[in-house]
$ cat run_21.cif   # mmCIF, C-alpha atoms (C1' of nucleotides)
data_entry
#
loop_
_atom_site.label_atom_id
_atom_site.label_comp_id
_atom_site.auth_asym_id
_atom_site.auth_seq_id
_atom_site.Cartn_x
_atom_site.Cartn_y
_atom_site.Cartn_z
CA MET Y 594 3.07 27.64 -2.07
CA ARG Y 595 1.85 31.16 -2.78
CA ILE Y 596 5.39 32.35 -2.58
CA GLU Y 597 5.70 31.17 -6.15
CA ALA Y 598 4.71 34.71 -7.04
CA ILE Y 599 8.19 35.86 -6.12
CA GLY Y 600 9.61 35.82 -9.61
CA GLN Y 601 13.22 36.49 -10.46
CA LEU Y 602 13.71 39.65 -12.44
CA PRO Y 603 15.81 39.29 -15.57
CA GLY Y 604 18.32 41.88 -14.40
CA THR Y 605 19.19 39.93 -11.28
CA ALA Y 606 19.35 36.51 -12.89
CA GLU Y 607 23.13 36.22 -12.84
CA GLU Y 608 23.82 36.87 -9.21
CA ASP Y 609 20.72 34.89 -8.30
CA GLU Y 610 22.24 31.99 -10.12
CA LEU Y 611 25.56 32.55 -8.37
CA GLY Y 612 23.79 32.20 -5.03
CA GLY Y 613 22.26 28.89 -6.03
CA LEU Y 614 25.49 27.55 -7.47
CA LEU Y 615 27.45 28.60 -4.41
CA ARG Y 616 24.97 27.05 -2.02
CA ALA Y 617 24.93 23.81 -3.99
CA ALA Y 618 28.73 23.67 -4.17
CA VAL Y 619 29.17 24.36 -0.46
CA GLY Y 620 26.51 21.81 0.45
CA ARG Y 621 27.99 19.08 -1.72
CA LEU Y 622 31.55 19.70 -0.56
CA TYR Y 623 30.48 19.74 3.07
CA ARG Y 624 28.75 16.38 2.68
CA ARG Y 625 31.84 15.10 0.91
CA PHE Y 626 34.01 16.24 3.82
CA ARG Y 627 31.67 14.50 6.21
CA SER Y 628 31.76 11.25 4.25
CA GLU Y 629 35.55 11.15 4.71
CA ARG Y 630 35.21 10.72 8.46
CA PRO Y 631 37.08 7.61 9.66
CA ASP Y 632 35.13 5.23 11.84
CA GLY Y 633 34.97 6.03 15.52
CA GLU Y 634 36.20 9.60 15.12
CA LEU Y 635 34.59 12.79 16.28
CA GLY Y 636 31.73 14.17 14.21
CA ASP Y 637 32.17 17.31 12.19
CA ALA Y 638 30.57 19.72 14.67
CA ALA Y 639 32.60 18.43 17.63
CA LEU Y 640 35.81 18.43 15.60
CA ALA Y 641 35.17 21.97 14.40
CA VAL Y 642 34.84 23.12 18.02
CA LEU Y 643 37.93 21.20 19.10
CA THR Y 644 39.91 22.65 16.22
CA ARG Y 645 38.85 26.12 17.27
CA LEU Y 646 39.96 25.53 20.86
CA HIS Y 647 43.19 24.08 19.55
CA LYS Y 648 43.97 27.07 17.34
CA HIS Y 649 42.47 29.99 19.23
CA GLY Y 650 42.63 28.93 22.87
CA PRO Y 651 39.91 28.83 25.55
CA GLN Y 652 36.48 30.28 24.77
CA THR Y 653 33.19 30.66 26.57
CA LEU Y 654 30.22 28.55 25.57
CA THR Y 655 28.28 31.57 24.34
CA ALA Y 656 31.19 32.60 22.13
CA LEU Y 657 31.39 29.13 20.60
CA SER Y 658 27.67 28.98 19.95
CA GLY Y 659 27.77 32.39 18.29
CA ILE Y 660 30.59 31.39 15.96
CA ASP Y 661 28.71 28.43 14.52
CA ARG Y 662 25.26 30.09 14.73
CA VAL Y 663 24.04 27.31 16.93
CA SER Y 664 21.93 27.57 20.09
CA PRO Y 665 23.80 27.55 23.42
CA ALA Y 666 21.88 24.40 24.32
CA SER Y 667 23.13 22.68 21.19
CA MET Y 668 26.71 23.79 21.78
CA SER Y 669 26.53 22.58 25.38
CA GLN Y 670 25.74 19.09 24.12
CA THR Y 671 28.48 19.17 21.52
CA VAL Y 672 30.89 20.19 24.28
CA ASN Y 673 29.60 17.28 26.37
CA ARG Y 674 30.82 14.91 23.69
CA LEU Y 675 34.27 16.52 23.83
CA THR Y 676 34.51 16.41 27.62
CA SER Y 677 33.22 12.82 27.76
CA ALA Y 678 36.01 11.83 25.40
CA GLY Y 679 38.56 13.70 27.52
CA TYR Y 680 39.41 16.16 24.74
CA ALA Y 681 38.20 19.31 26.51
CA VAL Y 682 37.55 20.60 30.03
CA ARG Y 683 35.16 23.11 31.51
CA THR Y 684 36.56 25.79 33.84
CA ARG Y 685 34.40 28.20 35.79
CA ASP Y 686 35.37 31.84 35.25
CA ALA Y 687 36.60 33.21 38.60
CA GLU Y 688 35.46 36.77 37.94
CA ASP Y 689 32.02 35.97 36.54
CA ARG Y 690 30.96 32.62 37.85
CA ARG Y 691 28.14 32.28 35.36
CA LYS Y 692 30.68 31.82 32.59
CA VAL Y 693 32.33 28.58 31.56
CA LEU Y 694 35.63 28.49 29.73
CA LEU Y 695 36.25 25.55 27.41
CA SER Y 696 39.83 24.44 26.83
CA ALA Y 697 41.39 21.61 24.86
CA THR Y 698 43.28 19.05 26.92
CA ASP Y 699 46.65 17.66 25.87
CA SER Y 700 44.98 14.72 24.17
CA GLY Y 701 42.48 17.16 22.65
CA HIS Y 702 45.29 19.13 21.03
CA ALA Y 703 46.83 15.89 19.77
CA VAL Y 704 43.52 14.72 18.31
CA ALA Y 705 42.95 18.07 16.61
CA ARG Y 706 46.36 17.85 14.95
CA ALA Y 707 45.96 14.23 13.90
CA ALA Y 708 42.41 14.63 12.64
CA ARG Y 709 43.35 17.57 10.49
CA ALA Y 710 46.20 15.65 8.91
CA LYS Y 711 44.07 12.59 8.19
CA ARG Y 712 40.89 14.31 7.09
CA ASN Y 713 42.47 16.87 4.82
CA ALA Y 714 44.77 14.43 3.06
CA TRP Y 715 42.47 13.89 0.12
CA LEU Y 716 41.62 17.58 -0.07
CA ASP Y 717 45.28 18.61 -0.08
CA GLU Y 718 45.95 16.12 -2.84
CA ARG Y 719 43.26 17.71 -5.01
CA LEU Y 720 44.49 21.22 -4.26
CA ARG Y 721 48.01 20.27 -5.31
CA ALA Y 722 46.60 19.21 -8.69
CA LEU Y 723 45.24 22.70 -9.35
CA SER Y 724 47.09 25.55 -11.01
CA PRO Y 725 48.60 28.25 -8.76
CA GLU Y 726 45.98 30.63 -10.14
CA ASP Y 727 43.10 28.35 -9.14
CA ARG Y 728 44.59 27.89 -5.68
CA ALA Y 729 44.81 31.66 -5.33
CA ILE Y 730 41.15 31.92 -6.32
CA LEU Y 731 40.19 29.38 -3.68
CA ALA Y 732 42.29 31.18 -1.06
CA ARG Y 733 40.51 34.44 -1.77
CA ALA Y 734 37.15 32.62 -1.93
CA ALA Y 735 37.77 31.12 1.51
CA GLU Y 736 38.17 34.64 2.90
CA LEU Y 737 35.00 35.82 1.18
CA LEU Y 738 33.01 32.82 2.39
CA GLU Y 739 34.20 33.33 5.98
CA ALA Y 740 33.19 36.98 5.79
CA ILE Y 741 29.74 36.02 4.50
CA ALA Y 742 29.35 33.44 7.27
CA ASP Y 743 30.35 36.10 9.80
CA SER Y 744 27.85 38.65 8.57
CA MET F 175 45.08 38.94 1.17
CA ARG F 176 46.61 35.63 0.26
CA ILE F 177 45.80 36.11 -3.38
CA GLU F 178 49.09 37.96 -3.64
CA ALA F 179 50.87 34.67 -3.03
CA ILE F 180 50.33 33.65 -6.65
CA GLY F 181 53.36 31.87 -7.95
CA GLN F 182 55.24 31.90 -4.68
CA LEU F 183 56.76 28.65 -3.54
CA PRO F 184 53.99 26.20 -4.31
CA GLY F 185 54.49 22.97 -2.46
CA THR F 186 54.98 23.93 1.15
CA ALA F 187 53.06 25.32 4.07
CA GLU F 188 50.74 27.58 2.11
CA GLU F 189 48.63 25.00 0.33
CA ASP F 190 48.57 22.96 3.51
CA GLU F 191 46.99 25.89 5.17
CA LEU F 192 44.66 26.45 2.22
CA GLY F 193 43.08 23.05 2.84
CA GLY F 194 42.35 23.92 6.45
CA LEU F 195 41.04 27.37 5.63
CA LEU F 196 38.83 26.03 2.87
CA ARG F 197 37.40 23.29 5.06
CA ALA F 198 36.71 25.74 7.87
CA ALA F 199 35.06 28.25 5.53
CA VAL F 200 32.86 25.63 3.86
CA GLY F 201 31.87 24.18 7.23
CA ARG F 202 30.98 27.51 8.73
CA LEU F 203 29.01 28.65 5.69
CA TYR F 204 27.15 25.36 5.52
CA ARG F 205 26.11 25.68 9.15
CA ARG F 206 25.11 29.27 8.43
CA PHE F 207 22.93 28.12 5.54
CA ARG F 208 21.36 25.52 7.75
CA SER F 209 20.60 28.06 10.48
CA GLU F 210 18.54 30.07 7.98
CA ARG F 211 15.96 27.31 7.68
CA PRO F 212 12.47 28.63 8.48
CA ASP F 213 10.47 26.67 10.97
CA GLY F 214 8.57 23.65 9.67
CA GLU F 215 10.48 23.54 6.41
CA LEU F 216 12.37 20.66 4.89
CA GLY F 217 15.83 19.93 6.22
CA ASP F 218 18.87 20.63 4.10
CA ALA F 219 19.42 17.09 2.83
CA ALA F 220 15.79 16.64 1.80
CA LEU F 221 15.69 20.05 0.15
CA ALA F 222 18.92 19.36 -1.73
CA VAL F 223 17.37 16.19 -3.16
CA LEU F 224 14.12 17.93 -4.03
CA THR F 225 16.03 20.75 -5.73
CA ARG F 226 17.92 18.18 -7.78
CA LEU F 227 14.71 16.47 -8.88
CA HIS F 228 13.25 19.87 -9.66
CA LYS F 229 16.17 20.95 -11.83
CA HIS F 230 17.36 17.69 -13.38
CA GLY F 231 14.23 15.54 -13.53
CA PRO F 232 13.60 11.97 -12.29
CA GLN F 233 16.52 9.96 -10.94
CA THR F 234 17.02 6.53 -9.47
CA LEU F 235 17.73 6.12 -5.78
CA THR F 236 21.22 4.81 -6.39
CA ALA F 237 22.02 7.83 -8.55
CA LEU F 238 20.84 10.21 -5.85
CA SER F 239 22.82 8.45 -3.15
CA GLY F 240 25.95 8.57 -5.30
CA ILE F 241 25.65 12.31 -5.91
CA ASP F 242 25.62 13.16 -2.21
CA ARG F 243 28.02 10.36 -1.19
CA VAL F 244 25.40 8.94 1.10
CA SER F 245 24.41 5.28 1.59
CA PRO F 246 21.37 4.05 -0.37
CA ALA F 247 19.70 3.31 2.96
CA SER F 248 20.18 6.89 4.09
CA MET F 249 18.87 8.28 0.82
CA SER F 250 15.84 6.00 0.99
CA GLN F 251 14.92 7.57 4.31
CA THR F 252 15.47 11.09 3.05
CA VAL F 253 13.20 10.24 0.12
CA ASN F 254 10.63 8.91 2.59
CA ARG F 255 10.41 12.37 4.12
CA LEU F 256 9.78 13.85 0.68
CA THR F 257 7.11 11.31 -0.26
CA SER F 258 5.40 11.59 3.14
CA ALA F 259 5.12 15.34 2.58
CA GLY F 260 3.75 14.76 -0.91
CA TYR F 261 6.69 16.46 -2.62
CA ALA F 262 7.95 13.41 -4.51
CA VAL F 263 6.70 10.07 -5.81
CA ARG F 264 8.31 6.71 -6.41
CA THR F 265 7.77 4.99 -9.77
CA ARG F 266 8.89 1.47 -10.54
CA ASP F 267 11.02 1.20 -13.67
CA ALA F 268 9.09 -0.91 -16.19
CA GLU F 269 12.18 -2.36 -17.85
CA ASP F 270 14.14 -3.19 -14.70
CA ARG F 271 11.67 -3.65 -11.91
CA ARG F 272 14.38 -3.44 -9.24
CA LYS F 273 14.84 0.23 -9.98
CA VAL F 274 12.84 3.09 -8.51
CA LEU F 275 12.55 6.47 -10.20
CA LEU F 276 12.01 9.48 -7.95
CA SER F 277 10.14 12.47 -9.36
CA ALA F 278 9.04 15.78 -7.88
CA THR F 279 5.27 16.31 -7.72
CA ASP F 280 3.64 19.60 -8.69
CA SER F 281 3.74 20.77 -5.09
CA GLY F 282 7.31 19.53 -4.85
CA HIS F 283 8.33 21.75 -7.76
CA ALA F 284 6.54 24.68 -6.15
CA VAL F 285 8.24 24.08 -2.81
CA ALA F 286 11.65 23.83 -4.47
CA ARG F 287 11.13 27.18 -6.17
CA ALA F 288 9.79 28.87 -3.06
CA ALA F 289 12.42 27.47 -0.73
CA ARG F 290 15.20 28.59 -2.99
CA ALA F 291 13.83 32.13 -3.10
CA LYS F 292 13.39 32.34 0.66
CA ARG F 293 16.57 30.63 1.74
CA ASN F 294 18.92 32.38 -0.64
CA ALA F 295 17.56 35.87 0.01
CA TRP F 296 20.18 36.79 2.57
CA LEU F 297 22.96 35.18 0.52
CA ASP F 298 21.96 37.09 -2.61
CA GLU F 299 21.94 40.31 -0.62
CA ARG F 300 25.52 39.72 0.50
CA LEU F 301 26.66 38.78 -3.00
CA ARG F 302 25.21 41.99 -4.37
CA ALA F 303 27.37 43.92 -1.89
CA LEU F 304 30.56 42.44 -3.35
CA SER F 305 32.62 43.86 -6.18
CA PRO F 306 32.16 42.28 -9.64
CA GLU F 307 35.69 40.93 -9.29
CA ASP F 308 34.88 39.15 -6.04
CA ARG F 309 31.68 37.74 -7.52
CA ALA F 310 33.69 36.41 -10.44
CA ILE F 311 36.09 34.77 -7.99
CA LEU F 312 33.21 33.10 -6.18
CA ALA F 313 31.68 31.93 -9.45
CA ARG F 314 34.93 30.28 -10.45
CA ALA F 315 35.39 28.92 -6.93
CA ALA F 316 31.94 27.32 -7.07
CA GLU F 317 33.04 25.42 -10.19
CA LEU F 318 36.27 24.32 -8.54
CA LEU F 319 34.50 23.19 -5.38
CA GLU F 320 31.95 21.18 -7.36
CA ALA F 321 34.76 19.52 -9.27
CA ILE F 322 36.51 18.61 -6.03
CA ALA F 323 33.29 17.23 -4.57
CA ASP F 324 32.82 15.15 -7.73
CA SER F 325 36.29 13.67 -7.64
"C1'" DT Z 1018 15.58 41.26 35.89
"C1'" DA Z 1019 19.11 39.85 32.70
"C1'" DT Z 1020 22.78 36.73 31.51
"C1'" DT Z 1021 25.08 32.18 31.30
"C1'" DG Z 1022 24.70 27.67 31.02
"C1'" DT Z 1023 22.36 22.99 31.58
"C1'" DT Z 1024 19.03 19.17 31.01
"C1'" DA Z 1025 14.83 17.04 28.74
"C1'" DT Z 1026 12.74 15.94 24.62
"C1'" DA Z 1027 12.10 15.58 19.70
"C1'" DC Z 1028 13.36 15.91 14.81
"C1'" DT Z 1029 16.77 15.50 10.82
"C1'" DC Z 1030 20.50 13.16 8.89
"C1'" DT Z 1031 23.55 9.49 8.69
"C1'" DA Z 1032 25.46 4.63 9.14
"C1'" DT Z 1033 25.48 -0.57 9.38
"C1'" DA Z 1034 23.04 -4.83 9.35
"C1'" DA Z 1035 19.50 -7.68 7.81
"C1'" DC Z 1036 15.99 -8.21 4.70
"C1'" DT Z 1037 12.95 -8.58 0.05
"C1'" DA Z 1038 12.54 -8.55 -4.81
"C1'" DT Z 1039 14.37 -8.69 -9.35
"C1'" DA Z 1040 18.08 -9.71 -12.79
"C1'" DT J 1064 25.07 -14.62 -7.32
"C1'" DA J 1065 24.66 -9.77 -8.00
"C1'" DT J 1066 22.01 -5.55 -7.99
"C1'" DA J 1067 18.33 -2.18 -6.31
"C1'" DG J 1068 15.95 -0.86 -2.70
"C1'" DT J 1069 13.80 -1.05 2.10
"C1'" DT J 1070 13.34 -1.29 7.15
"C1'" DA J 1071 15.35 -1.50 11.96
"C1'" DT J 1072 18.23 0.49 15.04
"C1'" DA J 1073 21.65 3.64 16.80
"C1'" DG J 1074 24.47 7.89 17.12
"C1'" DA J 1075 25.56 12.89 15.89
"C1'" DG J 1076 23.75 17.33 15.51
"C1'" DT J 1077 20.22 20.57 16.08
"C1'" DA J 1078 16.08 23.09 18.19
"C1'" DT J 1079 12.77 24.71 21.80
"C1'" DA J 1080 11.25 24.72 26.47
"C1'" DA J 1081 12.04 24.65 31.22
"C1'" DC J 1082 15.28 25.12 34.64
"C1'" DA J 1083 19.33 26.71 37.99
"C1'" DA J 1084 22.89 29.80 39.24
"C1'" DT J 1085 25.04 34.19 39.12
"C1'" DA J 1086 25.17 39.19 38.06
#

$ encode --input "run_21.cif" --output "structure tokens"
Amino acid sequence: MRIEAIGQLPGTAEEDELGGLLRAAVGRLYRRFRSERPDGELGDAALAVLTRLHKHGPQTLTALSGIDRVSPASMSQTVNRLTSAGYAVRTRDAEDRRKVLLSATDSGHAVARAARAKRNAWLDERLRALSPEDRAILARAAELLEAIADS
Amino acid sequence: MRIEAIGQLPGTAEEDELGGLLRAAVGRLYRRFRSERPDGELGDAALAVLTRLHKHGPQTLTALSGIDRVSPASMSQTVNRLTSAGYAVRTRDAEDRRKVLLSATDSGHAVARAARAKRNAWLDERLRALSPEDRAILARAAELLEAIADS
DNA sequence: TATTGTTATACTCTATAACTATA
DNA sequence: TATAGTTATAGAGTATAACAATA
């Protein structure tokens, strides 16, 4: 606990506080999202991968693991849950046979659509209650947060 | 930049899409936060609880589980990790002996301070790179996201 | 040798069910 | 009976280490 010595300088207090507030808000909202999961459905990591395959088409395992900053080993296991459920398939790349392309199956696409509709219902309801200005702020914030996650 | 859509046709596809974009951004950033965890440190759930005890003082178990929308059983186990590490203590409420008050220990407070400094370093760096306008947007967005998580 | 992916193992986080203790 | 909390058990998600296959 010697790191206590790292004090926050007065001049940087505001943005320091923004970091803490942002982290807390993202953490709480993420856990809230997770708590909305209906029984027997895919977990959040698997659904995020399936949604990506649904929206952006086939991807290699390494690409998927890079996107979520997760180890390839971890992503391989998440993909196992999708293939076991019949929502995705592995295809060997013909040109570079080390690579594996993941694709959503027909039922995978259907599940991705349905899950989004169900799981975002309560979020959409809350967004509709906001002013157009606040929605615009959140739209811009979503872009900024994605950019930060990408960096 | 979707922010230009202010005042245009609220009620249709745009806010629908906002929900999906917001969920994706929050999910990706949360996983990014989690990937920054140094080896041997507390997990994100345990650190979130410790940070809360550090900032807001002693709380009952039920209160903590309500804040993170987690079952009391789950929170009890998260608290077990904190007490095992010596970062928090349980105290029986004298007036209602069913209740348990959780408090951060001295080393718990120190860890909360240190962990915040270490884990937010890269986030603070990215926030400093933004324009004051974008930081203001994120500050307001943090409030909105907290309010949504609370609702 | 380097890259791509997998399996084995272990830890965190979460849930439900069954339980104790107190009100 | 109702409330506050715990323990037991199981599943999702993650990591590292060790491995195989291909380039």

$ atom_distance --input "run_21.cif" --atom1 "CA of Gln652 (chain Y)" --atom2 "CA of Gly194 (chain F)"
20.3 Å

$ interface_residues --input "run_21.cif" --of "chain Y" --to "chain Z" --cutoff "8 Å" --atoms "all atoms listed in the file" --output "number ranges by chain"
Y: 654-655, 665-666, 669, 691-693

$ write_last_selection --input "run_21.cif" --atoms "C-alpha atoms" --output "CSV table (one decimal), keeping the file's coordinate frame"
chain,number,residue,atom,x,y,z
Y,654,LEU,CA,30.2,28.6,25.6
Y,655,THR,CA,28.3,31.6,24.3
Y,665,PRO,CA,23.8,27.6,23.4
Y,666,ALA,CA,21.9,24.4,24.3
Y,669,SER,CA,26.5,22.6,25.4
Y,691,ARG,CA,28.1,32.3,35.4
Y,692,LYS,CA,30.7,31.8,32.6
Y,693,VAL,CA,32.3,28.6,31.6

$ resolve_selection --input "run_21.cif" --expression "the PyMOL selection byres ((chain Y) within 6 of (chain F))" --output "PyMOL selection string"
chain Y and resi 596-597+612+615+618-619+622+717+729+731+733-735+738-739+742

$ resolve_selection --input "run_21.cif" --expression "the PyMOL selection byres ((chain J) within 9 of (chain F))" --output "MDAnalysis selection string"
chainID J and resid 1066:1070

$ calpha_fit_rmsd --input "run_21.cif" --fixed "chain Y" --moving "chain F"
5.9 Å

$ atom_distance --input "run_21.cif" --atom1 "CA of Leu695 (chain Y)" --atom2 "C1' of DG1074 (chain J)"
23.6 Å

$ atom_distance --input "run_21.cif" --atom1 "C1' of DA1065 (chain J)" --atom2 "CA of Arg264 (chain F)"
23.3 Å

$ resolve_selection --input "run_21.cif" --expression "the PyMOL selection byres ((chain J and resi 1076-1080) around 7)" --output "PyMOL selection string"
(chain Y and resi 667) or (chain J and resi 1075+1081)

$ write_last_selection --input "run_21.cif" --atoms "C-alpha atoms (C1' of nucleotides)" --output "tab-separated table (two decimals), in the coordinates of the input"
chain	number	residue	atom	x	y	z
Y	667	SER	CA	23.13	22.68	21.19
J	1075	DA	C1'	25.56	12.89	15.89
J	1081	DA	C1'	12.04	24.65	31.22
